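Source file final39.cif; content: mmCIF, C-alpha atoms.
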```cif
data_model
#
loop_
_atom_site.group_PDB
_atom_site.id
_atom_site.type_symbol
_atom_site.label_atom_id
_atom_site.label_comp_id
_atom_site.auth_asym_id
_atom_site.auth_seq_id
_atom_site.Cartn_x
_atom_site.Cartn_y
_atom_site.Cartn_z
ATOM 1 C CA THR I 18 8.860 62.836 32.268
ATOM 2 C CA LYS I 19 5.872 65.043 32.784
ATOM 3 C CA PRO I 20 6.286 68.474 34.336
ATOM 4 C CA GLY I 21 6.333 67.866 38.080
ATOM 5 C CA GLY I 22 8.244 64.552 37.917
ATOM 6 C CA GLY I 23 5.617 62.107 36.598
ATOM 7 C CA LYS I 24 6.599 59.517 33.965
ATOM 8 C CA VAL I 25 4.991 59.363 30.605
ATOM 9 C CA GLY I 26 3.059 56.052 30.271
ATOM 10 C CA THR I 27 3.443 53.742 27.286
ATOM 11 C CA PRO I 28 0.754 54.522 24.736
ATOM 12 C CA ALA I 29 -2.040 51.948 24.729
ATOM 13 C CA SER I 30 -1.780 51.612 20.987
ATOM 14 C CA SER I 31 1.898 50.624 21.276
ATOM 15 C CA MET I 32 1.131 47.916 23.872
ATOM 16 C CA ASP I 33 -1.691 46.548 21.767
ATOM 17 C CA GLY I 34 0.678 46.343 18.814
ATOM 18 C CA GLN I 35 3.229 44.386 20.845
ATOM 19 C CA ALA I 36 0.560 41.973 22.061
ATOM 20 C CA ALA I 37 -0.689 41.466 18.555
ATOM 21 C CA PHE I 38 2.863 40.883 17.354
ATOM 22 C CA SER I 39 3.514 38.209 19.987
ATOM 23 C CA THR I 40 0.278 36.329 19.296
ATOM 24 C CA ARG I 41 0.090 36.375 15.510
ATOM 25 C CA PRO I 42 -2.346 33.815 14.039
ATOM 26 C CA HIS I 43 0.544 32.122 12.250
ATOM 27 C CA ASP I 44 2.397 31.562 15.543
ATOM 28 C CA ASN I 45 -0.708 30.088 17.144
ATOM 29 C CA TYR I 46 -1.225 27.742 14.162
ATOM 30 C CA VAL I 47 2.342 26.436 14.386
ATOM 31 C CA ILE I 48 2.048 25.846 18.139
ATOM 32 C CA ARG I 49 -1.289 24.054 17.752
ATOM 33 C CA LYS I 50 0.153 21.929 14.930
ATOM 34 C CA ILE I 51 3.115 20.870 17.044
ATOM 35 C CA GLN I 52 0.884 20.058 20.025
ATOM 36 C CA SER I 53 -1.478 18.044 17.808
ATOM 37 C CA SER I 54 1.401 16.079 16.291
ATOM 38 C CA ILE I 55 2.781 15.243 19.741
ATOM 39 C CA ARG I 56 -0.634 14.009 20.908
ATOM 40 C CA LYS I 57 -0.982 11.804 17.811
ATOM 41 C CA PHE I 58 2.435 10.299 18.478
ATOM 42 C CA PHE I 59 1.077 8.589 21.597
ATOM 43 C CA GLY I 60 -1.641 6.770 19.623
ATOM 44 C CA ALA I 61 -5.416 6.818 19.641
ATOM 45 C CA ASN I 62 -6.077 3.868 21.972
ATOM 46 C CA VAL I 63 -7.385 1.804 19.065
ATOM 47 C CA GLN I 64 -7.031 -1.952 19.509
ATOM 48 C CA GLY I 65 -4.920 -3.908 17.049
ATOM 49 C CA PRO I 66 -6.078 -6.945 15.046
ATOM 50 C CA PRO I 67 -7.417 -9.783 17.213
ATOM 51 C CA VAL I 68 -5.206 -12.704 18.190
ATOM 52 C CA PHE I 69 -5.996 -15.806 16.140
ATOM 53 C CA SER I 70 -6.822 -19.112 17.784
ATOM 54 C CA TRP I 71 -4.398 -21.993 17.181
ATOM 55 C CA GLU I 72 -6.909 -23.515 14.790
ATOM 56 C CA GLN I 73 -7.173 -20.261 12.796
ATOM 57 C CA ALA I 74 -3.392 -19.829 12.752
ATOM 58 C CA LEU I 75 -2.907 -23.375 11.496
ATOM 59 C CA PHE I 76 -5.516 -22.824 8.800
ATOM 60 C CA SER I 77 -3.719 -19.630 7.672
ATOM 61 C CA PHE I 78 -0.423 -21.494 7.568
ATOM 62 C CA LEU I 79 -1.787 -24.344 5.477
ATOM 63 C CA ALA I 80 -3.677 -22.099 3.060
ATOM 64 C CA ALA I 81 -0.671 -19.822 2.514
ATOM 65 C CA PHE I 82 1.640 -22.817 2.161
ATOM 66 C CA VAL I 83 -0.479 -24.496 -0.513
ATOM 67 C CA THR I 84 -1.084 -21.236 -2.396
ATOM 68 C CA LEU I 85 2.625 -20.421 -2.437
ATOM 69 C CA MET I 86 3.463 -23.947 -3.574
ATOM 70 C CA ILE I 87 1.155 -23.426 -6.542
ATOM 71 C CA ILE I 88 2.634 -20.036 -7.443
ATOM 72 C CA THR I 89 6.271 -21.027 -6.942
ATOM 73 C CA ASN I 90 5.785 -24.164 -9.050
ATOM 74 C CA ILE I 91 4.216 -22.082 -11.815
ATOM 75 C CA ASN I 92 7.256 -19.810 -11.571
ATOM 76 C CA LYS I 93 9.618 -22.804 -11.741
ATOM 77 C CA THR I 94 7.892 -24.124 -14.857
ATOM 78 C CA LEU I 95 7.882 -20.731 -16.601
ATOM 79 C CA VAL I 96 11.587 -20.157 -15.933
ATOM 80 C CA GLU I 97 12.564 -23.669 -17.043
ATOM 81 C CA GLU I 98 10.572 -23.466 -20.278
ATOM 82 C CA HIS I 99 10.937 -19.787 -21.229
ATOM 83 C CA GLY I 100 13.912 -18.414 -19.305
ATOM 84 C CA PRO I 101 14.315 -16.003 -16.393
ATOM 85 C CA THR I 102 12.498 -13.150 -18.151
ATOM 86 C CA ALA I 103 9.298 -15.195 -17.929
ATOM 87 C CA GLY I 104 9.533 -15.675 -14.173
ATOM 88 C CA ILE I 105 7.179 -14.362 -11.504
ATOM 89 C CA VAL I 106 8.656 -11.698 -9.220
ATOM 90 C CA LEU I 107 7.797 -13.523 -6.018
ATOM 91 C CA GLY I 108 8.553 -10.945 -3.304
ATOM 92 C CA PRO I 109 5.161 -9.172 -3.278
ATOM 93 C CA PHE I 110 3.340 -12.498 -2.921
ATOM 94 C CA GLY I 111 4.581 -12.902 0.642
ATOM 95 C CA ALA I 112 2.712 -9.700 1.474
ATOM 96 C CA LEU I 113 -0.317 -10.856 -0.536
ATOM 97 C CA MET I 114 -0.529 -14.116 1.438
ATOM 98 C CA THR I 115 -0.371 -12.156 4.686
ATOM 99 C CA LEU I 116 -3.347 -10.071 3.562
ATOM 100 C CA GLN I 117 -5.435 -12.899 2.142
ATOM 101 C CA TYR I 118 -4.968 -15.292 5.054
ATOM 102 C CA GLY I 119 -4.137 -12.929 7.930
ATOM 103 C CA LEU I 120 -6.360 -9.908 7.179
ATOM 104 C CA THR I 121 -8.940 -11.619 5.001
ATOM 105 C CA ALA I 122 -11.693 -9.009 5.345
ATOM 106 C CA ALA I 123 -9.455 -5.943 4.964
ATOM 107 C CA PRO I 124 -10.260 -3.738 1.933
ATOM 108 C CA ALA I 125 -6.632 -3.974 0.776
ATOM 109 C CA SER I 126 -7.000 -7.762 0.562
ATOM 110 C CA GLN I 127 -9.937 -7.782 -1.848
ATOM 111 C CA PRO I 128 -9.690 -8.790 -5.542
ATOM 112 C CA ARG I 129 -10.360 -5.285 -6.878
ATOM 113 C CA ASN I 130 -7.411 -3.856 -4.977
ATOM 114 C CA ALA I 131 -5.187 -6.815 -5.778
ATOM 115 C CA ILE I 132 -5.826 -6.692 -9.522
ATOM 116 C CA VAL I 133 -6.411 -3.017 -10.313
ATOM 117 C CA GLY I 134 -3.919 -1.709 -7.754
ATOM 118 C CA GLN I 135 -1.303 -4.144 -8.983
ATOM 119 C CA LEU I 136 -1.993 -3.353 -12.645
ATOM 120 C CA LEU I 137 -1.670 0.412 -12.223
ATOM 121 C CA SER I 138 1.415 0.130 -10.027
ATOM 122 C CA LEU I 139 3.179 -2.251 -12.397
ATOM 123 C CA VAL I 140 2.439 -0.127 -15.466
ATOM 124 C CA ILE I 141 3.675 3.013 -13.697
ATOM 125 C CA ALA I 142 6.803 1.297 -12.389
ATOM 126 C CA GLN I 143 7.697 -0.510 -15.598
ATOM 127 C CA SER I 144 7.251 2.687 -17.621
ATOM 128 C CA ILE I 145 9.469 4.739 -15.305
ATOM 129 C CA GLY I 146 11.933 1.863 -15.081
ATOM 130 C CA GLN I 147 12.691 2.286 -18.796
ATOM 131 C CA ILE I 148 14.033 5.823 -18.329
ATOM 132 C CA ASP I 149 17.739 5.034 -18.480
ATOM 133 C CA GLU I 150 18.696 8.697 -18.083
ATOM 134 C CA MET I 151 17.280 8.672 -14.542
ATOM 135 C CA GLU I 152 19.258 7.226 -11.644
ATOM 136 C CA VAL I 153 17.907 3.936 -10.281
ATOM 137 C CA TRP I 154 17.329 5.332 -6.791
ATOM 138 C CA LEU I 155 15.309 8.196 -8.237
ATOM 139 C CA ARG I 156 13.271 5.898 -10.504
ATOM 140 C CA GLN I 157 12.429 3.640 -7.571
ATOM 141 C CA SER I 158 11.450 6.530 -5.312
ATOM 142 C CA LEU I 159 9.358 8.280 -7.955
ATOM 143 C CA ALA I 160 7.583 5.190 -9.297
ATOM 144 C CA THR I 161 6.698 3.795 -5.879
ATOM 145 C CA ALA I 162 5.459 7.141 -4.545
ATOM 146 C CA LEU I 163 3.434 7.746 -7.728
ATOM 147 C CA ALA I 164 1.918 4.257 -7.525
ATOM 148 C CA ILE I 165 0.927 4.807 -3.885
ATOM 149 C CA GLY I 166 -0.558 8.218 -4.632
ATOM 150 C CA THR I 167 -2.566 6.799 -7.528
ATOM 151 C CA MET I 168 -3.888 3.884 -5.470
ATOM 152 C CA VAL I 169 -5.009 6.001 -2.538
ATOM 153 C CA LYS I 170 -6.682 8.511 -4.870
ATOM 154 C CA LEU I 171 -8.686 5.734 -6.561
ATOM 155 C CA GLY I 172 -9.429 3.820 -3.347
ATOM 156 C CA ILE I 173 -7.537 0.687 -4.440
ATOM 157 C CA THR I 174 -4.679 0.651 -1.929
ATOM 158 C CA HIS I 175 -2.796 -2.650 -2.067
ATOM 159 C CA PRO I 176 0.527 -2.904 -0.168
ATOM 160 C CA PRO I 177 2.002 -5.708 -2.346
ATOM 161 C CA ALA I 178 1.510 -3.426 -5.365
ATOM 162 C CA GLY I 179 3.717 -0.823 -3.705
ATOM 163 C CA ALA I 180 6.383 -3.493 -3.194
ATOM 164 C CA ALA I 181 6.064 -4.554 -6.833
ATOM 165 C CA ALA I 182 6.437 -0.937 -7.979
ATOM 166 C CA LEU I 183 9.687 -0.604 -6.052
ATOM 167 C CA LEU I 184 11.063 -3.741 -7.697
ATOM 168 C CA PHE I 185 9.895 -3.118 -11.264
ATOM 169 C CA SER I 186 11.074 0.489 -11.364
ATOM 170 C CA SER I 187 14.654 -0.767 -11.110
ATOM 171 C CA GLY I 188 14.536 -1.524 -14.841
ATOM 172 C CA ARG I 189 15.589 -5.168 -14.384
ATOM 173 C CA PHE I 190 12.318 -6.648 -15.614
ATOM 174 C CA VAL I 191 10.493 -6.863 -18.951
ATOM 175 C CA TRP I 192 6.907 -6.049 -19.915
ATOM 176 C CA ASP I 193 6.013 -9.739 -20.223
ATOM 177 C CA GLN I 194 6.578 -10.051 -16.481
ATOM 178 C CA VAL I 195 3.947 -7.393 -15.813
ATOM 179 C CA TRP I 196 1.281 -9.638 -17.337
ATOM 180 C CA ILE I 197 2.753 -12.728 -15.662
ATOM 181 C CA MET I 198 2.459 -10.939 -12.314
ATOM 182 C CA LEU I 199 -1.202 -10.200 -12.988
ATOM 183 C CA PHE I 200 -1.783 -13.836 -13.929
ATOM 184 C CA ALA I 201 -0.158 -14.959 -10.661
ATOM 185 C CA ASN I 202 -2.375 -12.523 -8.747
ATOM 186 C CA VAL I 203 -5.460 -14.076 -10.342
ATOM 187 C CA VAL I 204 -4.215 -17.531 -9.303
ATOM 188 C CA ALA I 205 -3.708 -16.286 -5.727
ATOM 189 C CA ILE I 206 -7.201 -14.763 -5.644
ATOM 190 C CA LEU I 207 -8.815 -17.986 -6.897
ATOM 191 C CA ALA I 208 -6.907 -19.987 -4.281
ATOM 192 C CA ALA I 209 -7.868 -17.560 -1.501
ATOM 193 C CA THR I 210 -11.517 -17.727 -2.590
ATOM 194 C CA LEU I 211 -11.432 -21.517 -2.420
ATOM 195 C CA PHE I 212 -9.512 -21.977 0.826
ATOM 196 C CA ASN I 213 -10.992 -19.150 2.914
ATOM 197 C CA ASN I 214 -14.560 -20.135 2.084
ATOM 198 C CA LEU I 215 -13.918 -23.685 3.287
ATOM 199 C CA HIS I 216 -13.615 -22.227 6.800
ATOM 200 C CA ASP I 217 -16.840 -21.589 8.710
ATOM 201 C CA LYS I 218 -15.617 -18.263 10.142
ATOM 202 C CA ARG I 219 -14.142 -16.758 6.973
ATOM 203 C CA GLN I 220 -15.449 -15.239 3.787
ATOM 204 C CA TYR I 221 -13.411 -14.124 0.818
ATOM 205 C CA PRO I 222 -13.934 -11.848 -0.926
ATOM 206 C CA THR I 223 -16.113 -9.461 1.032
ATOM 207 C CA PHE I 224 -16.664 -7.594 -2.247
ATOM 208 C CA TRP I 225 -15.460 -7.794 -5.856
ATOM 209 C CA GLY I 226 -15.884 -4.125 -6.768
ATOM 210 C CA PHE I 227 -14.679 -4.256 -10.357
ATOM 211 C CA GLY I 228 -17.047 -1.468 -11.310
ATOM 212 C CA ILE I 229 -14.002 0.790 -10.906
ATOM 213 C CA LEU I 230 -12.677 -0.612 -14.194
ATOM 214 C CA GLU I 231 -15.794 0.654 -15.936
ATOM 215 C CA ASP I 232 -15.309 4.048 -14.279
ATOM 216 C CA LEU I 233 -11.707 4.205 -15.462
ATOM 217 C CA LEU I 234 -12.408 3.092 -19.028
ATOM 218 C CA ILE I 235 -15.537 5.140 -19.760
#
```
Could I get this file's structure written as structure tokens?
Amino acid sequence: TKPGGGKVGTPASSMDGQAAFSTRPHDNYVIRKIQSSIRKFFGANVQGPPVFSWEQALFSFLAAFVTLMIITNINKTLVEEHGPTAGIVLGPFGALMTLQYGLTAAPASQPRNAIVGQLLSLVIAQSIGQIDEMEVWLRQSLATALAIGTMVKLGITHPPAGAAALLFSSGRFVWDQVWIMLFANVVAILAATLFNNLHDKRQYPTFWGFGILEDLLI
């Protein structure tokens, strides 16, 4: 206390220090980041893909059905004549049909993404799948994540390629099946080009874009 009974006030510099401590830039950044993440959680009011007419849905069904009959029969013939190690790994082709006949104009559906994205993902996955010293779960996680990172960096994102990477990194497949998968992708692209362009309201592909191969090789 001051002489005469008055109290000594808190120094202004001390109060300023406390205020600065309670509102550090780092604290503000964390709060803003949390608030931004919560806002994003509720969506951006963007409309989803349009509902197809019955005629469009029937066309998608028929085109996917015929394309899959072609691919599965090729697989049947390869396995019967050359054994199971010559078979097509069919799982990713369900996703490919969904893209080609359900999201025909999407960038991920286009031939460049289907071929180059699939090629890079399969090579990455098959290479990592041969590392016997690594646990299967770790191989699958690493190969798939690396394939996705590579695709997004190069602008060739293709969801079926991510599925293929997860399967091939298990180590259960041989290198011959990598090239068989690419062959089956080419067959699917040729079929999608034929069937989609028979429809008045569809066009496939919207671009070929294989200039990326030149960029990668030069």
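Between atom CA of Pro101 of chain I and atom CA of Leu207 of chain I there is a distance of 25.1 Å.
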Given only C-alpha atoms as the counted atoms, nearest of I:Ser187, I:Leu155, I:Glu150, I:Ala201 to Thr89 of chain I: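 Smallest distance to Thr89 of chain I is found for I:Ala201.
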Around segment 139-155 of chain I, with edges along x, y and z and 5 Å added on all six sides, what centre and edge lengths do you get, in Å to one decimal, as JSON?
```
{"center_x": 10.8, "center_y": 3.2, "center_z": -12.8, "size_x": 26.8, "size_y": 20.9, "size_z": 22.0}
```
Surrounding residues of Gln220 of chain I excluding itself and chain neighbours under 3 positions, 10 Å, only C-alpha atoms, as a ChimeraX atom specification: /I:121-122,209-217,223-224
Picked residues, the PyMOL selection byres ((chain I and resi 119) around 10), expected as a JSON list (two decimals) with C-alpha atoms, in the frame of the given file:
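Contents of the output file expr28.json:
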```
[["chain", "number", "residue", "atom", "x", "y", "z"],
["I", 66, "PRO", "CA", -6.08, -6.94, 15.05],
["I", 69, "PHE", "CA", -6.00, -15.81, 16.14],
["I", 73, "GLN", "CA", -7.17, -20.26, 12.80],
["I", 74, "ALA", "CA", -3.39, -19.83, 12.75],
["I", 77, "SER", "CA", -3.72, -19.63, 7.67],
["I", 78, "PHE", "CA", -0.42, -21.49, 7.57],
["I", 81, "ALA", "CA", -0.67, -19.82, 2.51],
["I", 112, "ALA", "CA", 2.71, -9.70, 1.47],
["I", 113, "LEU", "CA", -0.32, -10.86, -0.54],
["I", 114, "MET", "CA", -0.53, -14.12, 1.44],
["I", 115, "THR", "CA", -0.37, -12.16, 4.69],
["I", 116, "LEU", "CA", -3.35, -10.07, 3.56],
["I", 117, "GLN", "CA", -5.44, -12.90, 2.14],
["I", 118, "TYR", "CA", -4.97, -15.29, 5.05],
["I", 120, "LEU", "CA", -6.36, -9.91, 7.18],
["I", 121, "THR", "CA", -8.94, -11.62, 5.00],
["I", 122, "ALA", "CA", -11.69, -9.01, 5.34],
["I", 123, "ALA", "CA", -9.46, -5.94, 4.96],
["I", 126, "SER", "CA", -7.00, -7.76, 0.56]]
```
Distance query Ala131 of chain I at most 9 Å, only C-alpha atoms, self and fewer than 2 positions along chain excluded, as a PyMOL selection string: chain I and resi 113+125-129+133-136+173-178+199+202-203+206
